[in-house]
Every structure is written in structure tokens, then in C-alpha cells.
file run.cif (mmCIF, C-alpha atoms)
data_final
#
loop_
_atom_site.label_atom_id
_atom_site.label_comp_id
_atom_site.auth_asym_id
_atom_site.auth_seq_id
_atom_site.Cartn_x
_atom_site.Cartn_y
_atom_site.Cartn_z
CA MET A 1 0.00 0.00 0.00
CA ARG A 2 1.36 3.37 -0.97
CA ARG A 3 2.37 5.55 1.90
CA LYS A 4 0.90 8.97 1.90
CA PRO A 5 3.34 11.84 2.55
CA GLY A 6 1.72 12.98 5.70
CA ILE A 7 3.49 15.08 8.25
CA ALA A 8 4.97 12.03 9.81
CA GLY A 9 6.25 11.08 6.42
CA LEU A 10 7.82 14.42 5.96
CA ILE A 11 9.45 14.36 9.34
CA ARG A 12 10.74 10.88 8.67
CA GLU A 13 12.13 12.06 5.35
CA LYS A 14 13.85 14.91 7.02
CA GLU A 15 15.36 12.65 9.63
CA GLN A 16 16.51 10.31 6.98
CA GLN A 17 18.11 13.17 5.12
CA SER A 18 19.92 14.51 8.09
CA ALA A 19 21.00 11.00 8.92
CA TYR A 20 22.36 10.73 5.45
CA GLY A 21 23.76 14.20 5.91
CA ALA A 22 25.50 13.16 9.09
CA VAL A 23 26.86 10.07 7.46
CA GLY A 24 27.78 12.13 4.47
CA GLU A 25 29.59 14.65 6.60
CA GLN A 26 31.32 11.90 8.42
CA LEU A 27 32.41 10.42 5.13
CA GLU A 28 33.68 13.83 4.00
CA ALA A 29 35.54 14.33 7.23
CA ASP A 30 37.08 10.92 6.88
CA LYS A 31 38.07 11.61 3.33
CA ASP A 32 39.51 14.91 4.41
CA GLN A 33 41.45 13.35 7.18
CA GLN A 34 42.65 10.57 4.95
CA ALA A 35 43.68 13.06 2.33
CA ARG A 36 45.42 15.16 4.90
CA GLN A 37 47.23 12.20 6.29
CA HIS A 38 48.16 11.21 2.80
CA LEU A 39 49.53 14.66 2.14
CA GLU A 40 51.43 14.74 5.39
CA THR A 41 53.05 11.43 4.60
CA LEU A 42 53.95 12.68 1.17
CA GLN A 43 55.30 15.91 2.51
CA SER A 44 57.35 14.17 5.11
CA SER A 45 58.78 11.93 2.41
CA LEU A 46 59.65 14.99 0.40
CA LYS A 47 61.30 16.51 3.42
CA SER A 48 63.57 13.55 4.02
CA PHE A 49 64.21 13.26 0.30
CA ALA A 50 65.26 16.92 0.16
CA SER A 51 67.44 16.48 3.16
CA LYS A 52 69.14 13.40 1.78
CA HIS A 53 69.69 14.82 -1.69
CA ARG A 54 70.32 18.42 -0.81
CA ASN A 55 73.67 18.62 -2.59
CA ARG A 56 72.38 17.12 -5.75
CA ILE A 57 69.36 19.40 -5.77
CA ASN A 58 71.60 22.41 -5.51
CA SER A 59 74.10 21.30 -8.12
CA ASP A 60 72.18 19.45 -10.80
CA PRO A 61 69.62 21.49 -12.78
CA GLN A 62 67.84 18.45 -14.19
CA PHE A 63 67.52 16.81 -10.82
CA ARG A 64 66.41 20.08 -9.31
CA LYS A 65 63.71 20.45 -11.93
CA SER A 66 62.40 16.96 -11.28
CA PHE A 67 62.35 17.62 -7.56
CA CYS A 68 60.40 20.83 -8.00
CA ASP A 69 57.91 19.08 -10.24
CA MET A 70 57.45 16.46 -7.54
CA CYS A 71 56.83 19.14 -4.93
CA ILE A 72 54.22 20.83 -7.06
CA ALA A 73 52.47 17.53 -7.70
CA ALA A 74 52.37 17.03 -3.95
CA GLY A 75 50.81 20.45 -3.51
CA VAL A 76 53.90 21.91 -1.95
CA ASP A 77 55.48 25.17 -3.03
CA PRO A 78 59.20 24.57 -3.61
CA LEU A 79 59.80 28.29 -3.91
CA SER A 80 58.71 29.01 -0.40
CA SER A 81 61.61 29.93 1.79
CA SER A 82 59.60 30.27 4.95
CA LYS A 83 60.77 28.34 7.95
CA GLY A 84 59.00 25.68 9.94
CA LEU A 85 57.83 22.81 7.83
CA TRP A 86 60.46 23.48 5.24
CA ASP A 87 63.54 23.83 7.36
CA GLU A 88 64.56 20.54 5.92
CA LEU A 89 63.97 21.74 2.41
CA LEU A 90 67.29 23.36 3.08
CA GLY A 91 67.81 26.20 0.83
CA VAL A 92 65.79 25.29 -2.22
CA GLY A 93 63.54 28.22 -1.44
CA GLN A 94 66.55 30.32 -0.58
CA PHE A 95 68.24 29.23 -3.78
CA TYR A 96 65.44 30.64 -5.89
CA SER A 97 65.08 33.67 -3.71
CA ASP A 98 68.75 34.56 -4.24
CA LEU A 99 68.51 33.81 -7.93
CA SER A 100 65.51 36.06 -8.34
CA VAL A 101 67.46 38.94 -6.83
CA GLN A 102 70.19 38.33 -9.37
CA VAL A 103 67.70 38.22 -12.22
CA LEU A 104 66.28 41.53 -11.07
CA THR A 105 69.78 42.99 -10.84
CA GLN A 106 70.51 41.87 -14.39
CA CYS A 107 67.32 43.51 -15.62
CA MET A 108 68.22 46.77 -13.93
CA ARG A 109 71.83 46.70 -15.02
CA THR A 110 71.04 46.14 -18.68
CA ARG A 111 68.06 48.43 -18.79
CA ASP A 112 69.87 51.32 -20.42
CA GLU A 113 71.03 49.25 -23.33
CA ASN A 114 67.87 47.22 -23.97
CA GLY A 115 65.03 49.37 -22.67
CA GLY A 116 63.77 46.61 -20.39
CA LEU A 117 63.80 43.62 -22.72
CA LEU A 118 66.41 41.08 -21.68
CA ASP A 119 66.76 37.83 -23.56
CA LEU A 120 66.55 34.97 -21.07
CA ARG A 121 69.65 33.40 -22.62
CA GLN A 122 71.68 36.55 -22.10
CA CYS A 123 70.40 36.76 -18.53
CA LEU A 124 71.47 33.17 -17.96
CA ALA A 125 74.93 33.85 -19.40
CA ASN A 126 75.33 36.89 -17.15
CA VAL A 127 74.12 35.11 -14.03
CA ARG A 128 76.35 32.14 -14.78
CA ARG A 129 79.31 34.50 -14.99
CA ALA A 130 78.37 35.91 -11.60
CA ARG A 131 78.04 32.44 -10.07
CA PRO A 132 80.92 30.46 -11.54
CA GLY A 133 81.05 26.82 -10.67
CA GLU A 134 77.30 26.57 -10.20
CA LYS A 135 75.18 24.78 -12.71
CA LEU A 136 72.16 26.79 -13.78
CA ALA A 137 69.56 26.19 -16.42
CA LEU A 138 66.90 28.32 -18.09
CA GLU A 139 64.20 26.63 -16.01
CA ASP A 140 65.90 27.90 -12.88
CA LEU A 141 65.54 31.45 -14.16
CA GLU A 142 61.91 30.85 -14.98
CA ARG A 143 61.25 29.72 -11.43
CA ALA A 144 63.18 32.67 -10.10
CA VAL A 145 60.92 34.95 -12.09
CA GLU A 146 57.92 33.24 -10.52
CA CYS A 147 59.45 34.17 -7.17
CA LEU A 148 59.61 37.75 -8.32
CA ALA A 149 56.03 37.62 -9.50
CA GLN A 150 55.02 37.10 -5.89
CA LEU A 151 56.44 40.52 -5.07
CA GLY A 152 54.65 42.35 -7.85
CA PRO A 153 54.16 42.61 -11.58
CA GLY A 154 57.51 44.26 -12.31
CA VAL A 155 59.19 41.47 -14.24
CA SER A 156 57.56 38.91 -16.48
CA ILE A 157 58.58 36.51 -19.17
CA ARG A 158 57.33 37.20 -22.68
CA PHE A 159 57.30 34.50 -25.28
CA CYS A 160 58.36 35.76 -28.68
CA GLY A 161 58.30 32.92 -31.12
CA ARG A 162 60.99 30.56 -29.92
CA GLN A 163 62.67 33.12 -27.72
CA ARG A 164 61.85 34.18 -24.21
CA LEU A 165 62.42 37.72 -23.02
CA LEU A 166 62.50 39.06 -19.50
CA CYS A 167 60.29 42.06 -19.68
CA SER A 168 60.73 44.82 -17.11
CA VAL A 169 59.19 47.55 -19.23
CA PRO A 170 56.96 49.63 -16.95
CA ASP A 171 54.03 49.97 -19.33
CA GLU A 172 52.09 47.28 -21.10
CA LEU A 173 53.52 46.53 -24.52
CA SER A 174 50.95 47.23 -27.20
CA GLY A 175 49.96 44.51 -29.62
CA ASP A 176 51.90 46.13 -32.44
CA THR A 177 55.04 46.52 -30.34
CA ALA A 178 54.79 42.92 -29.25
CA GLN A 179 54.53 41.82 -32.87
CA VAL A 180 57.56 43.86 -33.84
CA ILE A 181 59.57 42.23 -31.06
CA GLU A 182 58.35 38.80 -32.05
CA LEU A 183 59.37 39.37 -35.65
CA ALA A 184 62.79 40.55 -34.51
CA ALA A 185 63.16 37.55 -32.24
CA ALA A 186 62.65 35.26 -35.21
CA SER A 187 65.40 36.94 -37.23
CA GLY A 188 68.38 37.32 -34.96
CA GLY A 189 67.12 40.41 -33.18
CA LYS A 190 66.62 42.88 -36.02
CA VAL A 191 63.62 44.14 -37.92
CA CYS A 192 62.88 46.80 -40.50
CA ALA A 193 59.78 48.44 -41.99
CA ALA A 194 59.95 46.24 -45.07
CA ASP A 195 59.63 43.15 -42.86
CA LEU A 196 56.40 44.53 -41.43
CA LEU A 197 55.05 45.49 -44.84
CA ARG A 198 55.60 41.92 -45.93
CA LYS A 199 53.24 40.91 -43.13
CA GLY A 200 50.54 43.09 -44.62
CA TRP A 201 51.02 46.18 -42.47
CA THR A 202 50.65 49.63 -43.96
CA THR A 203 53.71 51.85 -44.18
CA ASP A 204 52.24 54.20 -41.65
CA ARG A 205 51.55 51.47 -39.12
CA ALA A 206 55.02 50.01 -39.59
CA ASP A 207 56.74 53.35 -39.17
CA GLN A 208 54.71 54.18 -36.08
CA ALA A 209 55.47 50.87 -34.44
CA LEU A 210 59.20 51.13 -35.07
CA LEU A 211 59.25 54.75 -33.95
CA HIS A 212 57.55 53.74 -30.74
CA CYS A 213 60.21 51.13 -30.03
CA ILE A 214 62.94 53.65 -30.69
CA ARG A 215 61.30 56.30 -28.52
CA GLU A 216 60.95 53.84 -25.66
CA GLY A 217 64.60 52.91 -25.87
CA LEU A 218 63.71 49.30 -26.65
CA CYS A 219 65.96 49.09 -29.67
CA TRP A 220 69.10 50.49 -31.29
CA VAL A 221 69.04 51.89 -34.82
CA ASP A 222 71.35 51.05 -37.67
CA LYS A 223 71.37 53.47 -40.59
CA GLN A 224 74.36 52.18 -42.48
CA ASP A 225 72.80 49.49 -44.60
CA GLU A 226 72.55 50.73 -48.15
CA ALA A 227 69.69 48.37 -48.87
CA VAL A 228 67.67 49.25 -45.79
CA PRO A 229 67.28 52.85 -44.56
CA LEU A 230 66.59 51.87 -40.96
CA TRP A 231 67.12 48.68 -39.02
CA CYS A 232 65.82 48.33 -35.48
CA TRP A 233 67.94 46.04 -33.36
CA PHE A 234 66.87 44.52 -30.07
CA PRO A 235 70.30 44.21 -28.54
CA SER A 236 69.59 41.56 -25.97
CA ILE A 237 68.20 39.14 -28.52
CA ALA A 238 71.03 39.85 -30.94
CA LEU A 239 73.67 39.40 -28.26
CA ALA A 240 72.08 36.17 -27.10
CA GLU A 241 72.16 34.89 -30.68
CA LEU A 242 75.85 35.69 -30.83
CA GLU A 243 76.52 33.68 -27.71
CA LYS A 244 74.29 30.84 -28.83
CA PRO A 245 76.71 27.91 -29.00
CA MET A 246 77.66 28.36 -25.35
CA SER A 247 74.35 29.09 -23.70
CA GLU A 248 72.34 26.33 -25.33
CA SER A 249 73.88 23.69 -23.12
CA THR A 250 72.62 23.34 -19.59
CA ALA A 251 75.30 20.94 -18.43
CA MET B 1 102.44 45.35 -23.76
CA ALA B 2 100.97 42.59 -25.88
CA ASP B 3 101.10 39.31 -24.06
CA GLY B 4 100.49 37.29 -27.15
CA LYS B 5 96.74 37.46 -26.74
CA ASP B 6 94.58 39.34 -29.19
CA PHE B 7 92.55 42.30 -28.05
CA GLN B 8 89.14 41.22 -26.82
CA TYR B 9 86.45 43.33 -28.40
CA PRO B 10 83.27 43.80 -26.34
CA ALA B 11 80.17 41.94 -27.51
CA PHE B 12 78.48 45.12 -28.72
CA TYR B 13 81.28 45.68 -31.21
CA GLN B 14 79.81 42.92 -33.35
CA LEU B 15 76.44 44.61 -33.71
CA PRO B 16 76.10 47.09 -36.59
CA PRO B 17 73.96 49.55 -34.58
CA PHE B 18 76.95 50.14 -32.31
CA PHE B 19 78.35 52.18 -35.17
CA THR B 20 75.34 54.46 -35.61
CA LEU B 21 74.84 57.36 -33.22
CA GLN B 22 71.71 56.46 -31.25
CA PRO B 23 68.83 58.94 -31.15
CA HIS B 24 67.39 57.91 -27.79
CA ALA B 25 69.01 59.80 -24.93
CA SER B 26 69.73 57.02 -22.46
CA VAL B 27 70.59 54.52 -25.17
CA ARG B 28 73.03 57.06 -26.57
CA ALA B 29 74.50 57.62 -23.13
CA LYS B 30 75.01 53.88 -22.79
CA GLN B 31 76.51 53.72 -26.27
CA LEU B 32 79.00 56.47 -25.54
CA GLU B 33 79.93 54.79 -22.29
CA LEU B 34 80.64 51.56 -24.15
CA TRP B 35 82.69 53.38 -26.78
CA LYS B 36 84.68 55.21 -24.11
CA GLN B 37 85.52 51.94 -22.44
CA LEU B 38 86.43 50.29 -25.74
CA ILE B 39 88.70 53.12 -26.83
CA SER B 40 90.38 53.29 -23.47
CA GLU B 41 91.06 49.55 -23.36
CA TYR B 42 92.00 49.32 -27.02
CA CYS B 43 94.47 52.17 -26.82
CA SER B 44 95.94 50.90 -23.58
CA PHE B 45 96.35 47.42 -25.06
CA HIS B 46 98.05 48.70 -28.20
CA ARG B 47 99.85 51.62 -26.56
CA LEU B 48 98.07 53.90 -28.92
CA PHE B 49 98.14 57.54 -27.89
CA ILE B 50 96.47 59.42 -30.69
CA ILE B 51 93.20 58.90 -32.50
CA ASP B 52 92.79 60.85 -35.69
CA LEU B 53 89.17 61.65 -36.40
CA ARG B 54 89.63 62.63 -40.01
CA GLU B 55 88.02 60.06 -42.26
CA ASP B 56 90.95 59.52 -44.53
CA ARG B 57 93.15 58.77 -41.58
CA SER B 58 90.70 56.87 -39.48
CA THR B 59 92.18 55.02 -36.60
CA GLU B 60 91.69 51.29 -36.47
CA VAL B 61 89.41 51.10 -33.48
CA LEU B 62 86.81 53.26 -35.13
CA THR B 63 86.99 51.38 -38.38
CA LEU B 64 88.08 47.85 -37.78
CA ASN B 65 85.42 45.25 -37.35
CA ILE B 66 85.60 41.54 -36.96
CA SER B 67 82.07 40.55 -37.70
CA PRO B 68 80.90 39.61 -41.20
CA GLU B 69 77.53 40.99 -40.15
CA ALA B 70 78.99 44.44 -39.85
CA ALA B 71 81.10 44.16 -42.98
CA GLY B 72 80.55 47.23 -45.12
CA ARG B 73 79.62 49.22 -42.05
CA VAL B 74 83.10 49.63 -40.87
CA GLU B 75 83.24 52.81 -39.00
CA LEU B 76 81.55 54.97 -36.45
CA HIS B 77 79.16 56.45 -38.89
CA THR B 78 79.18 60.12 -39.86
CA GLU B 79 81.26 63.03 -38.85
CA LYS B 80 78.64 64.03 -36.33
CA ALA B 81 78.95 60.72 -34.53
CA ARG B 82 82.70 61.05 -34.28
CA LYS B 83 82.38 64.61 -33.04
CA VAL B 84 79.83 63.62 -30.39
CA LEU B 85 82.01 60.75 -29.26
CA ALA B 86 85.11 62.95 -29.14
CA GLU B 87 83.32 65.62 -27.08
CA HIS B 88 82.11 62.93 -24.72
CA LEU B 89 85.60 61.52 -24.24
CA VAL B 90 87.02 64.96 -23.53
CA GLN B 91 84.19 65.80 -21.17
CA GLN B 92 84.75 62.53 -19.31
CA GLN B 93 88.48 63.30 -19.15
CA ALA B 94 89.17 60.13 -21.08
CA ALA B 95 90.90 62.17 -23.77
CA LEU B 96 92.36 65.57 -24.56
CA TRP B 97 92.41 67.47 -27.80
CA ALA B 98 95.88 67.17 -29.24
CA ASP B 99 94.96 70.18 -31.38
CA GLU B 100 92.50 72.50 -29.61
CA ALA B 101 91.88 74.64 -32.65
CA ALA B 102 91.35 72.08 -35.37
CA LYS B 103 89.89 69.36 -33.11
CA GLU B 104 90.93 66.58 -35.40
CA ARG B 105 93.24 64.59 -33.19
CA LEU B 106 92.49 63.12 -29.80
CA LEU B 107 95.06 62.28 -27.19
CA VAL B 108 93.62 59.23 -25.47
CA LEU B 109 94.12 59.19 -21.71
CA TRP B 110 94.07 55.51 -20.89
CA ARG B 111 96.15 56.74 -18.01
CA SER B 112 95.25 60.10 -16.51
CA VAL B 113 97.47 63.14 -16.95
CA ALA B 114 98.13 63.04 -13.21
CA GLY B 115 99.15 59.41 -13.54
CA TRP B 116 101.60 60.23 -16.31
CA ALA B 117 102.95 63.15 -14.27
CA ASP B 118 103.55 60.80 -11.33
CA LEU B 119 105.46 58.38 -13.55
CA ILE B 120 107.72 61.08 -14.97
CA LEU B 121 108.40 62.58 -11.57
CA GLN B 122 109.20 59.20 -10.10
CA TRP B 123 111.61 58.47 -12.94
CA ALA B 124 113.27 61.85 -12.46
CA ALA B 125 113.69 61.23 -8.75
CA GLU B 126 115.04 57.71 -9.25
CA ASN B 127 117.56 58.91 -11.81
CA GLY B 128 118.92 61.79 -9.76
CA LEU B 129 117.48 64.40 -12.06
CA MET B 130 116.16 66.69 -9.37
CA GLY B 131 117.43 70.19 -9.94
CA SER B 132 118.87 69.37 -13.33
CA VAL B 133 117.58 70.45 -16.70
CA GLU B 134 116.35 68.04 -19.33
CA THR B 135 115.04 68.63 -22.80
CA VAL B 136 111.49 67.60 -23.39
CA GLN B 137 112.77 65.70 -26.38
CA SER B 138 114.96 63.53 -24.18
CA LEU B 139 111.90 62.42 -22.26
CA MET B 140 110.31 61.30 -25.49
CA ASP B 141 113.23 59.47 -27.02
CA GLY B 142 116.32 59.94 -24.91
CA GLU B 143 118.45 57.04 -23.80
CA ALA B 144 117.71 57.59 -20.14
CA ALA B 145 113.98 57.35 -20.75
CA GLU B 146 114.19 54.07 -22.65
CA GLY B 147 112.00 51.38 -21.18
CA GLN B 148 109.82 53.88 -19.37
CA GLU B 149 106.10 53.83 -19.91
CA PHE B 150 106.15 57.36 -21.30
CA TYR B 151 108.94 56.59 -23.75
CA GLY B 152 107.67 57.21 -27.26
CA ALA B 153 104.64 59.11 -26.10
CA PRO B 154 103.63 62.06 -28.26
CA ARG B 155 104.87 65.50 -27.37
CA GLU B 156 101.37 66.65 -26.49
CA LEU B 157 101.08 64.06 -23.73
CA ILE B 158 104.51 64.77 -22.28
CA MET B 159 103.76 68.48 -22.24
CA ALA B 160 100.40 67.92 -20.54
CA ALA B 161 102.09 65.83 -17.85
CA LEU B 162 104.87 68.37 -17.38
CA GLN B 163 102.35 71.19 -17.08
CA GLU B 164 100.67 69.20 -14.34
CA LEU B 165 104.03 69.02 -12.57
CA VAL B 166 104.40 72.77 -12.98
CA ARG B 167 101.01 73.17 -11.30
CA ARG B 168 102.30 71.06 -8.42
CA ASN B 169 105.46 73.18 -8.19
CA ARG B 170 107.57 70.15 -9.04
CA ALA B 171 108.88 71.49 -12.36
CA THR B 172 109.46 74.58 -14.44
CA LEU B 173 109.28 74.74 -18.19
CA PHE B 174 111.26 77.02 -20.43
CA ARG B 175 112.52 77.46 -23.92
CA GLY B 176 116.25 77.16 -24.44
CA SER B 177 118.38 79.44 -26.58
CA SER B 178 118.30 76.94 -29.44
CA GLY B 179 114.53 76.97 -29.31
CA SER B 180 114.17 73.54 -27.76
CA GLU B 181 111.92 73.12 -24.79
CA GLY B 182 113.38 72.24 -21.46
CA VAL B 183 112.16 71.16 -18.07
CA LYS B 184 113.76 71.48 -14.67
CA PHE B 185 112.56 69.07 -12.02
CA LEU B 186 112.22 70.54 -8.54
CA SER B 187 112.52 68.75 -5.27
CA ALA B 188 109.48 68.81 -3.02
#
call {"tool": "encode", "arguments": {"input": "run.cif", "output": "C-alpha cells"}}
result
Amino acid sequence: MRRKPGIAGLIREKEQQSAYGAVGEQLEADKDQQARQHLETLQSSLKSFASKHRNRINSDPQFRKSFCDMCIAAGVDPLSSSKGLWDELLGVGQFYSDLSVQVLTQCMRTRDENGGLLDLRQCLANVRRARPGEKLALEDLERAVECLAQLGPGVSIRFCGRQRLLCSVPDELSGDTAQVIELAAASGGKVCAADLLRKGWTTDRADQALLHCIREGLCWVDKQDEAVPLWCWFPSIALAELEKPMSESTA
Amino acid sequence: MADGKDFQYPAFYQLPPFFTLQPHASVRAKQLELWKQLISEYCSFHRLFIIDLREDRSTEVLTLNISPEAAGRVELHTEKARKVLAEHLVQQQAALWADEAAKERLLVLWRSVAGWADLILQWAAENGLMGSVETVQSLMDGEAAEGQEFYGAPRELIMAALQELVRRNRATLFRGSSGSEGVKFLSA
């Protein structure tokens, strides 16, 4: 016989629901606790791993990268240099903190010559010169920049085709400027109006974009090519291309 | 001075834009700074004292390039660029005009005038020349000056250094009866 949803029925339903709710909550809490325990175990493993392999983490870029990936997968921030839980992480956080200061220094130091666009490869070469005997890779710089990002939007990495530039230009780069840089990055660091016209730009637009770069101190001009009245050179990219054979290796 | 190694040009030297005077103020300032350093180091390395700015006599450092990229763009472009660079070097006391009027030749001070003055004075003291008279010529190519850093230096540099010594009351300059210039070193 079909039960009618009388008041009793409703109350019963409600009780059932809250019973389910209670069980449900209990289940959630259990899951939570399990997950937390899981995480704690994982973190503690990471801690002892870091402690045991500290030297290798600090000296081997590939190993360091793998370790950082592991940390992130475990929900742990390898860039954190705060004390407490990560005392045993022994300097990985500090490592990147120090490196980020050096990256910032490089940006500031080269600002006059490149207007705030520093090729990551040139930055790496400079930092390597400042820290001889230490093995550093491009990924290390990228993580260092992430460290900086926590302090503010001052420095970011721009992707220009296959190249990566450290951008510390105060204002946002317009779309046109970004395209000019990208074109330059694909051809050894230099670009001229004709290159832009070939991409379908109007003369006016091309001239304006190049003028903007020059006015902002982002590029150097070359007026001595008989075939081309004005070349715009992005020095950091060009210099990085010159050093290419050395900086490609991360060993 | 050469120790068998070739002169190491700075990285920027291989980029063509290095040879065009930059329009942007701080980029230009950076460019001039780089050129000043290059000229100073180049001249010191090669013991080069004078840079001639006239195009037909261009000095190596302004014209030589080692990069095929920059081939055909071999010199600090335009008279204006050279003039600006020269003024900058003089203003930074990295050079003196060898010819104030014509302003065509630069005396590069890879060592300061005071530094040169010190060297000459020290040599004079060590060789018992205090109180005695020497011809300026003998400082440039005399036997006693052989082996000294200032040996073979142009007359303009020697005179600048001696004038510094005059300012310090460590020398007097005069013209001899035969017309040759002489210097008397004074004890302190």
C-alpha cells in the first residue's frame, strides 16, 4: 500500500536526510582526514628526500627540476623559503630567492642598453658568470621569475616565437610593439619596416610601431645598410644569438 | 704590452647599430659609455696615444670590425657621430684634444694626466734628475727614458704631464736658446 506523505512522512524524510547528511559529513571528514594524512606522509617523504639529496638538488639542474615538479604535484610550493615545515627543504627556497634577486639585478643593469627587454639566454649567461662553478639552467631562471612575481608585476617573461624575453618595461607593450619584437626575435634580433610590410602592415603602421620602439629605448638603430634605410635592433636578442653555441647547453 | 693574446672586443662591437649614433638619450648615453671603455682599453692594449678623427686617416678602433655581419659598415658612422664621441671623451676626461683649434686629433688618456705626471716625476727622482735640466725631447726618445712607460709618447702628452708638474710646483718649463723646450725638475 502506498504511503501517503503525511506530516509524519515528511518528518521521517527529514530525519533520513539529516541521517544521510550526518553520514555524508562523516564520510567527508574521513576523506579529508585521509587526504590530509596522505599529504602529510607525502610531505614528510619529500622533506627527508630533500634532506638526503640536498647537494644534488643544488648542483644538478635536471635533478632540481624533477624535484620541484614532484613538490608541485604534492601540492607543496618549492619556492617558499619560509621556515617551519620546510627547514629541511634546506635552501631550495633560498636558492630561488637569491637567484631572483640576481635576475632583477641583471634587468636593472642592462636596462639602459635594452630598454627593459632582456633575452633569457643573455640573462642566464650573465648570471652564470656571476656564479661560476654553479650549474644553472633556463628553467631555474623561470622559477626565479615566478618568485619575483610574488612581489609584484615588475618582471615577467614574454614568449616571442621561440625566444623568451625578460620584460621589465613599466608599461604594457601594445599589440603592435609585441609583434615587432616577435618578428625581430625570429630573425636574430633585427627588424625593418619592409619586414612589417611583408606581413601586410601599412607603411604608416610600420613606421609608427618602429618609432615607438625607438622612442621607448627598446631598440638600437642602424642606418648604415645601403639596402635598408633603418634597421631596429633589439640588442639583448642579438647578443644572445651571438653567444648561442655556449648558452644552449645546460650541463 | 701585448702578451700574445689578441685584443678582446666587447660583444656590442659585433652589432652594426653600435656604429650608428643612437637617437634615444639614455641609449646614446650607454653607447658612448661603451665606446669610451672600448677606446680606453684598445688604446691601452696597443699603446696607442692618438686617435685621428679625419676620415681619410681613421684610426683602427673606429673602423676595424671583426664581424661579417657588420662588414661594409666599418666605421663609427658620420662626422657628427665622431664629433659627439670625441666631445664625450674629452668631457669625461678620457681624452684631450691634441689640437684644440682644429679638433681633429684626440690624445687618449688611458692613463690620466696626473698618472703620467707621477710616472715622470718618479723616474726623475730615481735617476737623480732633481734640480737638473732636461730637454722635453729627451723624455720622449732619450736614452735615459728608454723602457719607461712614457717613452715614445707624443709631445702633447709629455707636455700635458709636465704642465701638471708645474702646477704642483715640481717642475718649471722654459725654452732654451736653441729653441728647444726644457724642463727642470724641482725637489718637493
call {"tool": "closest_residue", "arguments": {"input": "run.cif", "among": "A:Asp119, A:Asp69, A:Glu113, A:Asp77", "to": "chain B", "atoms": "only C-alpha atoms"}}
result
A:Glu113
call {"tool": "resolve_selection", "arguments": {"input": "run.cif", "expression": "the PyMOL selection byres ((chain B) within 9 of (chain A))", "output": "ChimeraX atom specification"}}
result
/B:11-12,14-31,72-73,77
call {"tool": "closest_residue", "arguments": {"input": "run.cif", "among": "B:Leu107, B:Val90, B:Leu157, B:Ala145", "to": "Asp52 in chain B", "atoms": "all atoms listed in the file"}}
result
B:Leu107
call {"tool": "resolve_selection", "arguments": {"input": "run.cif", "expression": "the PyMOL selection byres ((chain A and resi 97-106) around 8)", "output": "list in words"}}
result
Leu79, Ser81, Gly93, Gln94, Phe95, Tyr96, Cys107, Met108, Arg109, Thr110, Cys123, Asn126, Val127, Leu141, Ala144, Val145, Cys147, Leu148 and Val155 of chain A
call {"tool": "write_last_selection", "arguments": {"input": "run.cif", "atoms": "C-alpha atoms", "output": "PDB file, keeping the file's coordinate frame"}}
result
ATOM      1  CA  LEU A  79      59.800  28.290  -3.910  1.00  0.00           C
ATOM      2  CA  SER A  81      61.610  29.930   1.790  1.00  0.00           C
ATOM      3  CA  GLY A  93      63.540  28.220  -1.440  1.00  0.00           C
ATOM      4  CA  GLN A  94      66.550  30.320  -0.580  1.00  0.00           C
ATOM      5  CA  PHE A  95      68.240  29.230  -3.780  1.00  0.00           C
ATOM      6  CA  TYR A  96      65.440  30.640  -5.890  1.00  0.00           C
ATOM      7  CA  CYS A 107      67.320  43.510 -15.620  1.00  0.00           C
ATOM      8  CA  MET A 108      68.220  46.770 -13.930  1.00  0.00           C
ATOM      9  CA  ARG A 109      71.830  46.700 -15.020  1.00  0.00           C
ATOM     10  CA  THR A 110      71.040  46.140 -18.680  1.00  0.00           C
ATOM     11  CA  CYS A 123      70.400  36.760 -18.530  1.00  0.00           C
ATOM     12  CA  ASN A 126      75.330  36.890 -17.150  1.00  0.00           C
ATOM     13  CA  VAL A 127      74.120  35.110 -14.030  1.00  0.00           C
ATOM     14  CA  LEU A 141      65.540  31.450 -14.160  1.00  0.00           C
ATOM     15  CA  ALA A 144      63.180  32.670 -10.100  1.00  0.00           C
ATOM     16  CA  VAL A 145      60.920  34.950 -12.090  1.00  0.00           C
ATOM     17  CA  CYS A 147      59.450  34.170  -7.170  1.00  0.00           C
ATOM     18  CA  LEU A 148      59.610  37.750  -8.320  1.00  0.00           C
ATOM     19  CA  VAL A 155      59.190  41.470 -14.240  1.00  0.00           C
TER      20      VAL A 155
END
call {"tool": "resolve_selection", "arguments": {"input": "run.cif", "expression": "the PyMOL selection byres ((chain B and resi 164) around 12)", "output": "list in words"}}
result
Ser112, Val113, Ala114, Gly115, Trp116, Ala117, Asp118, Leu119, Ile120, Leu121, Leu157, Ile158, Met159, Ala160, Ala161, Leu162, Gln163, Leu165, Val166, Arg167, Arg168, Asn169, Arg170, Ala171, Thr172 and Leu173 of chain B
call {"tool": "residues_around", "arguments": {"input": "run.cif", "residues": "Arg47 in chain B", "least_positions_apart": "6", "cutoff": "12 Å", "atoms": "only C-alpha atoms", "output": "list of chain:residue names"}}
result
B:Met1, B:Ala2, B:Phe7, B:Ile39, B:Ser40, B:Glu41, B:Leu107, B:Val108, B:Leu109, B:Trp110, B:Arg111, B:Glu149, B:Phe150, B:Tyr151, B:Gly152, B:Ala153, B:Pro154
call {"tool": "atom_distance", "arguments": {"input": "run.cif", "atom1": "CA of Arg162 in chain A", "atom2": "CA of Tyr9 in chain B"}}
result
28.5 Å
call {"tool": "atom_distance", "arguments": {"input": "run.cif", "atom1": "CA of Phe174 in chain B", "atom2": "CA of Glu100 in chain B"}}
result
21.4 Å
call {"tool": "residues_around", "arguments": {"input": "run.cif", "residues": "range 164-166 of chain A", "least_positions_apart": "3", "cutoff": "7 Å", "atoms": "all atoms listed in the file", "output": "number ranges by chain"}}
result
A: 117-120, 155-160
call {"tool": "atom_distance", "arguments": {"input": "run.cif", "atom1": "CA of Met130 in chain B", "atom2": "CA of Phe185 in chain B"}}
result
5.1 Å
call {"tool": "closest_residue", "arguments": {"input": "run.cif", "among": "A:Pro61, A:Pro170, A:Gly161, A:Pro132", "to": "Leu183 in chain A", "atoms": "all atoms listed in the file"}}
result
A:Gly161
call {"tool": "residues_around", "arguments": {"input": "run.cif", "residues": "Ser132 in chain B", "least_positions_apart": "2", "cutoff": "9 Å", "atoms": "only C-alpha atoms", "output": "list of chain:residue names"}}
result
B:Gly128, B:Leu129, B:Met130, B:Glu134, B:Val183, B:Lys184, B:Phe185, B:Leu186
